[in-house]
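Here's the structure we're looking at; comments come further down.
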Amino acid sequence: MTKIDENQTQSASPWIAFRHKAFTVVWIATVVANVGTWMYNAASGWLMTSLNPDPLTVSLVQVASSLPMFLFALPAGALADIVDRRRFLIGSEILLTVVAAVSAVLVWLDLINPSILLLFTFLLGAGSAFTAPAWQSIVPQLVPKQDLAAAVATNGVGVNISRAIGPALGGVVIGVLGIAAPFWINALSNFAVIGALLWWRPPTSQGSRLPPERLTGALVIGFRHVRYNPNLRATLIRAVAFFFFASAYWALLPLVARNQIAGGPELYGILLGAIGIGAVGGAFALPWLKAVLGPDRLVAVGTLGTAACLVLLGAARYSAVGFAACLLAGMSWIAVLASLNVSVQMSLPDWVRGRGLAMFVTVFFGAMTAGSALWGQLASAFGLPAAHFIAAAGAVAGIALTWRWKLQGGQGVDLAPSMHWPAPVLAIDADADRGPVLITVEYQINPEKRDGFLAAIRNLGQQRQRDGAFSWDVFEDVAASGRFLETFMVASWLEHLRQHQRVTNADKVIQDAIREFGAAGEPKVTHFIAARLASD
């Protein structure tokens with residue numbers, strides 16, 4: 001994209017989302033809570049350098065923070081799709097507050113050691129893992145669709161404002177009030193989001209009247225949707241190529257500040273704050289950059305900026321160089337993260353949004369966890385500069401290796417439910433859990449349009465499988481030219497009824513295009529449900 005659309009740039013401005021009161025209140029509350037989280041992150045990283053300065057051990061703080069996202073985000077995403085998201089978030093945030101308060105008590109009483117610190121970092125990370133998909137899933141409930149891209153960018157600004165304030169404030173608080181103070185502030189800051197969630201009343205849902213999915217089945221359907229959603233898969237591949245290498249500076253920054261530049265906790269806080277300042281500054285340029293470059297080139301530019309930051313950190317011996325590198329890191333981080341996040345949101349219909357976002361979070365933190373462990377080991381074996389330089393080279397190589405997978409822009413496709421598929425008429429009693437169910441659709445097409453029909457129906461097959469079918473195929477009648485039979489199977493009658501409600505307007509366009517190949521009449525749909533004799 002080379003020409004800037006003025007209206008599109010305006011709608012993508014991160015400040016547009018503040019027109020909506022609910023979004024503003026929740027945004028302010030999350031910024032306050034995130035300041036406390038970043039104070040905790042800075043304090044725990046610095047505390048570990050005092051308890052055990054080994055590079056691998058210090059990098060394990062980042063591992064303990066990231067690993068829960070990899071382990072728990074998927075079941076959390078399924079929960080976000082089948083429970084009341086607001087109530088789920090309120091209960092989770094209360095539990096997180098209790099865990100944070102206990103960690104503060106242990107640090108205050110000087111009962112902390114490396115193992116306990118890693119344990120509580122893991123527990124708080126687990127709490128964040130269970131809430132992250134639900135937090136991201138409620139964004140479309142806070143703003144209308146046309147402001148969704150702006151809201152995602154504004155959330156990125158909020159995260160990075162807290163990242164700019166929290167670590168620097170944490171360094172100052174440690175110097176003035178002691179190492180336990182940031183742990184207490186982290187616990188208290190959670191009351192902001194609890195209060196905002198208690199105040200907020202989400203809009204009344206007009207969704208399905210069917211019973212909610214079971215957790216296990218929801219997970220299976222979620223995995224199947226990701227497998228057959230090419231736009232989401234492309235975003236996940238691009239995410240791995242970035243986060244794995246970008247994790248190097250997050251994991252090793254405490255050691256760069258303490259050992260390589262020979263600074264104290266204040267410098268570490270300032271460097272983390274510089275990342276946040278760079279990200280906030282980068283957010284102002286995001287609408288213009290996205291309009292000029294498009295999401296794919298913007299992610300490539302952000303990745304190149306991250307590689308340059310890693311080179312600077314590997315060579316840094318002075319605080320000014322480290323500060324400049326972190327500013328560049330922040331600008332690059334927000335450019336990539338916002339682009340990937342918008343691409344994920346625009347690739348998902350609402351019924352599977354929590355699970356799709358959970359998959360993104362899993363990939364995000366899985367790459368961060370694996371990368372952090374690797375860069376810590378490389379730093380122990382070859383030194384800090386070598387670890388940074390290797391990560392920079394890998395980030396650049398990742399651009400070329402993943403370029404063919406394209407991201408979704410701010411407009412996306414129409415994934416609202418079409419509700420055009422009528423409920424089937426039954427001649428027998430079909431219990432909700434009875435299954436599996438076989439659905440056949442018979443098409444009579446013009447024989448000369450055979451190749452075009454087969455190409456189009458493959459797209460329909462992906463749609464059926466995205467929406468819950470575990471088997472799909474199309475057959476050609478060898479005795480009747482132009483007669484084709486599409487077949488697909490779902491696990492139960494209830495799951496098939498859910499399929500009817502999952503078809504989007506974009507899917508309807510595919511179905512309408514296939515009907516254009518027909519010689520006469522509408523396709524004939526037949527349903528078969530498994531019939532088994534009772535055992536003797």
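Letters for chains follow the order of the structure tokens (A, B, ...), residue numbers begin at 1 for each chain, and ligand numbers begin at 1 in the order shown.
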
### Message
I'd like the contact shell of region 351-359 of chain A - 7 Å cut-off, only C-alpha atoms, skipping same-chain residues fewer than 4 positions apart - returned as a list of chain:residue names.
### Response
A:Ala73, A:Leu74, A:Gly77, A:Ala78, A:Ala80, A:Asp81, A:Pro133, A:Ala134, A:Ser137, A:Gly222, A:Val226, A:Val344, A:Val363

Give me a file of those residues, with C-alpha atoms, as a PDB file, in the first residue's frame.
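Contents of again.pdb, freshly written:
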```
ATOM      1  CA  ALA A  73      -3.434 -19.943  27.707  1.00  0.00           C
ATOM      2  CA  LEU A  74      -5.291 -22.516  25.583  1.00  0.00           C
ATOM      3  CA  GLY A  77      -9.068 -19.259  25.915  1.00  0.00           C
ATOM      4  CA  ALA A  78     -11.654 -22.037  25.859  1.00  0.00           C
ATOM      5  CA  ALA A  80     -13.198 -17.267  27.808  1.00  0.00           C
ATOM      6  CA  ASP A  81     -15.484 -18.547  25.036  1.00  0.00           C
ATOM      7  CA  PRO A 133      -7.472 -14.316  26.410  1.00  0.00           C
ATOM      8  CA  ALA A 134     -10.502 -12.976  28.289  1.00  0.00           C
ATOM      9  CA  SER A 137     -11.711 -10.956  23.986  1.00  0.00           C
ATOM     10  CA  GLY A 222     -10.451 -24.477  18.863  1.00  0.00           C
ATOM     11  CA  VAL A 226      -6.714 -22.746  14.029  1.00  0.00           C
ATOM     12  CA  VAL A 344      -5.247 -12.023  14.958  1.00  0.00           C
ATOM     13  CA  VAL A 363       2.787 -18.946  20.595  1.00  0.00           C
TER      14      VAL A 363
END
```

### Ala300 (chain A) environment, 9 Å, only C-alpha atoms, sequence neighbours closer than 5 positions dropped, as a list in words
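The contact residues come out as Pro295, Gly305, Val336, Val396, Ile399 and Trp403 of chain A.
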
### Task
Could you give me, as an NGL selection string, the residues within 8 Å of Val152 (chain A), counting only C-alpha atoms and dropping anything in the same chain fewer than 6 positions from it?
:A and (14 or 139 or 338 or 341-342)

#### Entry: Exercise: region 86-99 of chain A partners within 10 Å, only C-alpha atoms, chain neighbours under 2 positions left out, as a ChimeraX atom specification
/A:79-80,83-84,101-104,120-121,123-128,130-132,134-135,138,184,186-198,200-202

### Task
Go through A:Ala307, A:Ile185, A:Val61, A:Ala274 and flag the residue nearest Val321 (chain A), using only C-alpha atoms for the distances.
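When distances to Val321 (chain A) are compared using only C-alpha atoms, the smallest one comes from A:Ala274.
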
### Query
Which is closer to Leu286 (chain A) than all the others in A:Val256, A:Leu337, A:Ala491, A:Cys326, using only C-alpha atoms?
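Of all the options, A:Leu337 lies closest to Leu286 (chain A).
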
## Note on the structure
One residue among A:Ala168, A:Val157, A:Leu460, A:Leu348 is nearest to Thr235 (chain A) when using only C-alpha atoms, and that residue is A:Leu348

### Task
Pull the alpha helix (DSSP H) assignments for region 425-520 of chain A out of DSSP run on the backbone, and list those residues as number ranges by chain.
A: 450-466, 493-502, 505-515

### Task
Find the residues near Ile510 (chain A): any atom within 10 Å, counting only C-alpha atoms, skip ones fewer than 2 places away on the same chain, and give them as a PyMOL selection string.
chain A and resi 456-457+459-460+463+505-508+512-515

Exercise: Ile277 (chain A) partners within 12 Å, only C-alpha atoms, chain neighbours under 4 positions left out, as an mmCIF file with N, CA, C and O atoms, in the first residue's frame:
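Writing done, so here's selection08.cif:
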```cif
data_model
loop_
_atom_site.group_PDB
_atom_site.id
_atom_site.type_symbol
_atom_site.label_atom_id
_atom_site.label_comp_id
_atom_site.auth_asym_id
_atom_site.auth_seq_id
_atom_site.Cartn_x
_atom_site.Cartn_y
_atom_site.Cartn_z
ATOM 1 N N GLY A 156 -2.000 -1.142 23.270
ATOM 2 C CA GLY A 156 -0.538 -1.209 23.190
ATOM 3 C C GLY A 156 0.124 0.013 23.785
ATOM 4 O O GLY A 156 1.144 -0.086 24.478
ATOM 5 N N VAL A 157 -0.473 1.189 23.541
ATOM 6 C CA VAL A 157 0.058 2.413 24.147
ATOM 7 C C VAL A 157 -0.016 2.316 25.663
ATOM 8 O O VAL A 157 0.933 2.666 26.384
ATOM 9 N N GLY A 158 -1.159 1.825 26.171
ATOM 10 C CA GLY A 158 -1.323 1.705 27.618
ATOM 11 C C GLY A 158 -0.299 0.779 28.245
ATOM 12 O O GLY A 158 0.287 1.092 29.293
ATOM 13 N N VAL A 159 -0.082 -0.378 27.610
ATOM 14 C CA VAL A 159 0.922 -1.318 28.118
ATOM 15 C C VAL A 159 2.293 -0.651 28.181
ATOM 16 O O VAL A 159 3.047 -0.810 29.150
ATOM 17 N N ASN A 160 2.597 0.132 27.169
ATOM 18 C CA ASN A 160 3.929 0.713 27.106
ATOM 19 C C ASN A 160 4.073 1.982 27.935
ATOM 20 O O ASN A 160 5.188 2.327 28.357
ATOM 21 N N ILE A 161 2.982 2.675 28.203
ATOM 22 C CA ILE A 161 3.040 3.747 29.204
ATOM 23 C C ILE A 161 3.385 3.151 30.558
ATOM 24 O O ILE A 161 4.245 3.657 31.283
ATOM 25 N N SER A 162 2.718 2.039 30.888
ATOM 26 C CA SER A 162 3.022 1.388 32.165
ATOM 27 C C SER A 162 4.434 0.831 32.166
ATOM 28 O O SER A 162 5.118 0.850 33.200
ATOM 29 N N ARG A 163 4.899 0.359 31.008
ATOM 30 C CA ARG A 163 6.264 -0.146 30.917
ATOM 31 C C ARG A 163 7.273 0.991 31.076
ATOM 32 O O ARG A 163 8.358 0.796 31.621
ATOM 33 N N ALA A 164 6.914 2.182 30.606
ATOM 34 C CA ALA A 164 7.814 3.326 30.759
ATOM 35 C C ALA A 164 7.865 3.797 32.205
ATOM 36 O O ALA A 164 8.929 4.162 32.726
ATOM 37 N N ILE A 165 6.688 3.800 32.865
ATOM 38 C CA ILE A 165 6.613 4.321 34.231
ATOM 39 C C ILE A 165 7.037 3.271 35.249
ATOM 40 O O ILE A 165 7.816 3.554 36.176
ATOM 41 N N GLY A 166 6.513 2.035 35.100
ATOM 42 C CA GLY A 166 6.683 1.023 36.128
ATOM 43 C C GLY A 166 8.116 0.670 36.468
ATOM 44 O O GLY A 166 8.518 0.762 37.644
ATOM 45 N N PRO A 167 8.940 0.270 35.503
ATOM 46 C CA PRO A 167 10.310 -0.113 35.843
ATOM 47 C C PRO A 167 11.131 1.031 36.431
ATOM 48 O O PRO A 167 11.874 0.838 37.401
ATOM 49 N N ALA A 168 11.005 2.231 35.827
ATOM 50 C CA ALA A 168 11.761 3.368 36.358
ATOM 51 C C ALA A 168 11.301 3.694 37.776
ATOM 52 O O ALA A 168 12.123 3.935 38.671
ATOM 53 N N ILE A 270 15.539 2.385 34.429
ATOM 54 C CA ILE A 270 15.557 3.385 33.357
ATOM 55 C C ILE A 270 15.584 2.711 31.988
ATOM 56 O O ILE A 270 14.899 3.142 31.046
ATOM 57 N N LEU A 271 16.372 1.647 31.856
ATOM 58 C CA LEU A 271 16.435 0.945 30.570
ATOM 59 C C LEU A 271 15.089 0.323 30.216
ATOM 60 O O LEU A 271 14.625 0.401 29.063
ATOM 61 N N LEU A 272 14.423 -0.305 31.199
ATOM 62 C CA LEU A 272 13.095 -0.842 30.941
ATOM 63 C C LEU A 272 12.110 0.281 30.617
ATOM 64 O O LEU A 272 11.256 0.155 29.740
ATOM 65 N N GLY A 273 12.254 1.399 31.339
ATOM 66 C CA GLY A 273 11.410 2.546 31.059
ATOM 67 C C GLY A 273 11.625 3.086 29.660
ATOM 68 O O GLY A 273 10.684 3.546 28.998
ATOM 69 N N GLY A 281 6.146 6.438 21.984
ATOM 70 C CA GLY A 281 6.468 7.294 20.852
ATOM 71 C C GLY A 281 6.165 6.629 19.523
ATOM 72 O O GLY A 281 5.633 7.254 18.601
ATOM 73 N N GLY A 282 6.489 5.336 19.423
ATOM 74 C CA GLY A 282 6.205 4.610 18.194
ATOM 75 C C GLY A 282 4.719 4.508 17.911
ATOM 76 O O GLY A 282 4.301 4.484 16.744
ATOM 77 N N ALA A 283 3.888 4.464 18.966
ATOM 78 C CA ALA A 283 2.446 4.352 18.768
ATOM 79 C C ALA A 283 1.881 5.568 18.038
ATOM 80 O O ALA A 283 0.916 5.455 17.279
ATOM 81 N N PHE A 284 2.467 6.754 18.273
ATOM 82 C CA PHE A 284 1.996 7.951 17.578
ATOM 83 C C PHE A 284 2.223 7.843 16.074
ATOM 84 O O PHE A 284 1.446 8.386 15.279
ATOM 85 N N PHE A 323 20.509 3.041 26.649
ATOM 86 C CA PHE A 323 19.258 3.794 26.606
ATOM 87 C C PHE A 323 18.764 3.937 25.170
ATOM 88 O O PHE A 323 17.583 3.738 24.886
ATOM 89 N N ALA A 324 19.665 4.266 24.251
ATOM 90 C CA ALA A 324 19.290 4.400 22.843
ATOM 91 C C ALA A 324 18.797 3.071 22.279
ATOM 92 O O ALA A 324 17.810 3.021 21.527
ATOM 93 N N ALA A 325 19.472 1.983 22.644
ATOM 94 C CA ALA A 325 19.051 0.665 22.171
ATOM 95 C C ALA A 325 17.655 0.322 22.667
ATOM 96 O O ALA A 325 16.829 -0.231 21.924
ATOM 97 N N CYS A 326 17.361 0.657 23.913
ATOM 98 C CA CYS A 326 16.050 0.334 24.483
ATOM 99 C C CYS A 326 14.946 1.203 23.881
ATOM 100 O O CYS A 326 13.804 0.744 23.720
ATOM 101 N N LEU A 327 15.251 2.455 23.567
ATOM 102 C CA LEU A 327 14.272 3.283 22.858
ATOM 103 C C LEU A 327 13.904 2.648 21.521
ATOM 104 O O LEU A 327 12.726 2.550 21.155
ATOM 105 N N LEU A 328 14.922 2.209 20.792
ATOM 106 C CA LEU A 328 14.694 1.555 19.499
ATOM 107 C C LEU A 328 13.921 0.253 19.685
ATOM 108 O O LEU A 328 13.031 -0.079 18.892
ATOM 109 N N ALA A 329 14.247 -0.484 20.750
ATOM 110 C CA ALA A 329 13.537 -1.732 21.030
ATOM 111 C C ALA A 329 12.054 -1.484 21.251
ATOM 112 O O ALA A 329 11.197 -2.220 20.744
ATOM 113 N N GLY A 330 11.725 -0.428 22.004
ATOM 114 C CA GLY A 330 10.324 -0.121 22.281
ATOM 115 C C GLY A 330 9.552 0.265 21.034
ATOM 116 O O GLY A 330 8.418 -0.188 20.826
ATOM 117 N N MET A 331 10.147 1.099 20.192
ATOM 118 C CA MET A 331 9.483 1.495 18.954
ATOM 119 C C MET A 331 9.246 0.281 18.052
ATOM 120 O O MET A 331 8.174 0.127 17.456
ATOM 121 N N SER A 332 10.228 -0.584 17.983
ATOM 122 C CA SER A 332 10.095 -1.777 17.142
ATOM 123 C C SER A 332 9.078 -2.747 17.719
ATOM 124 O O SER A 332 8.290 -3.364 16.979
ATOM 125 N N TRP A 333 9.076 -2.883 19.035
ATOM 126 C CA TRP A 333 8.172 -3.811 19.703
ATOM 127 C C TRP A 333 6.708 -3.442 19.448
ATOM 128 O O TRP A 333 5.894 -4.293 19.080
ATOM 129 N N ILE A 334 6.355 -2.164 19.618
ATOM 130 C CA ILE A 334 4.955 -1.779 19.444
ATOM 131 C C ILE A 334 4.541 -1.914 17.985
ATOM 132 O O ILE A 334 3.404 -2.278 17.680
#
```

### Task
Write out as a PyMOL selection string the residues lying within 12 Å of Leu407 (chain A), counting only C-alpha atoms and excluding same-chain residues fewer than 4 positions away.
chain A and resi 230-239+294-300+336+338-347+402-403+411-412

#### Entry: Residue nearest Ala246 (chain A) among A:Ala29, A:Val301, A:Ala291, A:Leu310 (counting only C-alpha atoms)
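Checking each of A:Ala29, A:Val301, A:Ala291, A:Leu310 against Ala246 (chain A), counting only C-alpha atoms, the winner is A:Leu310.
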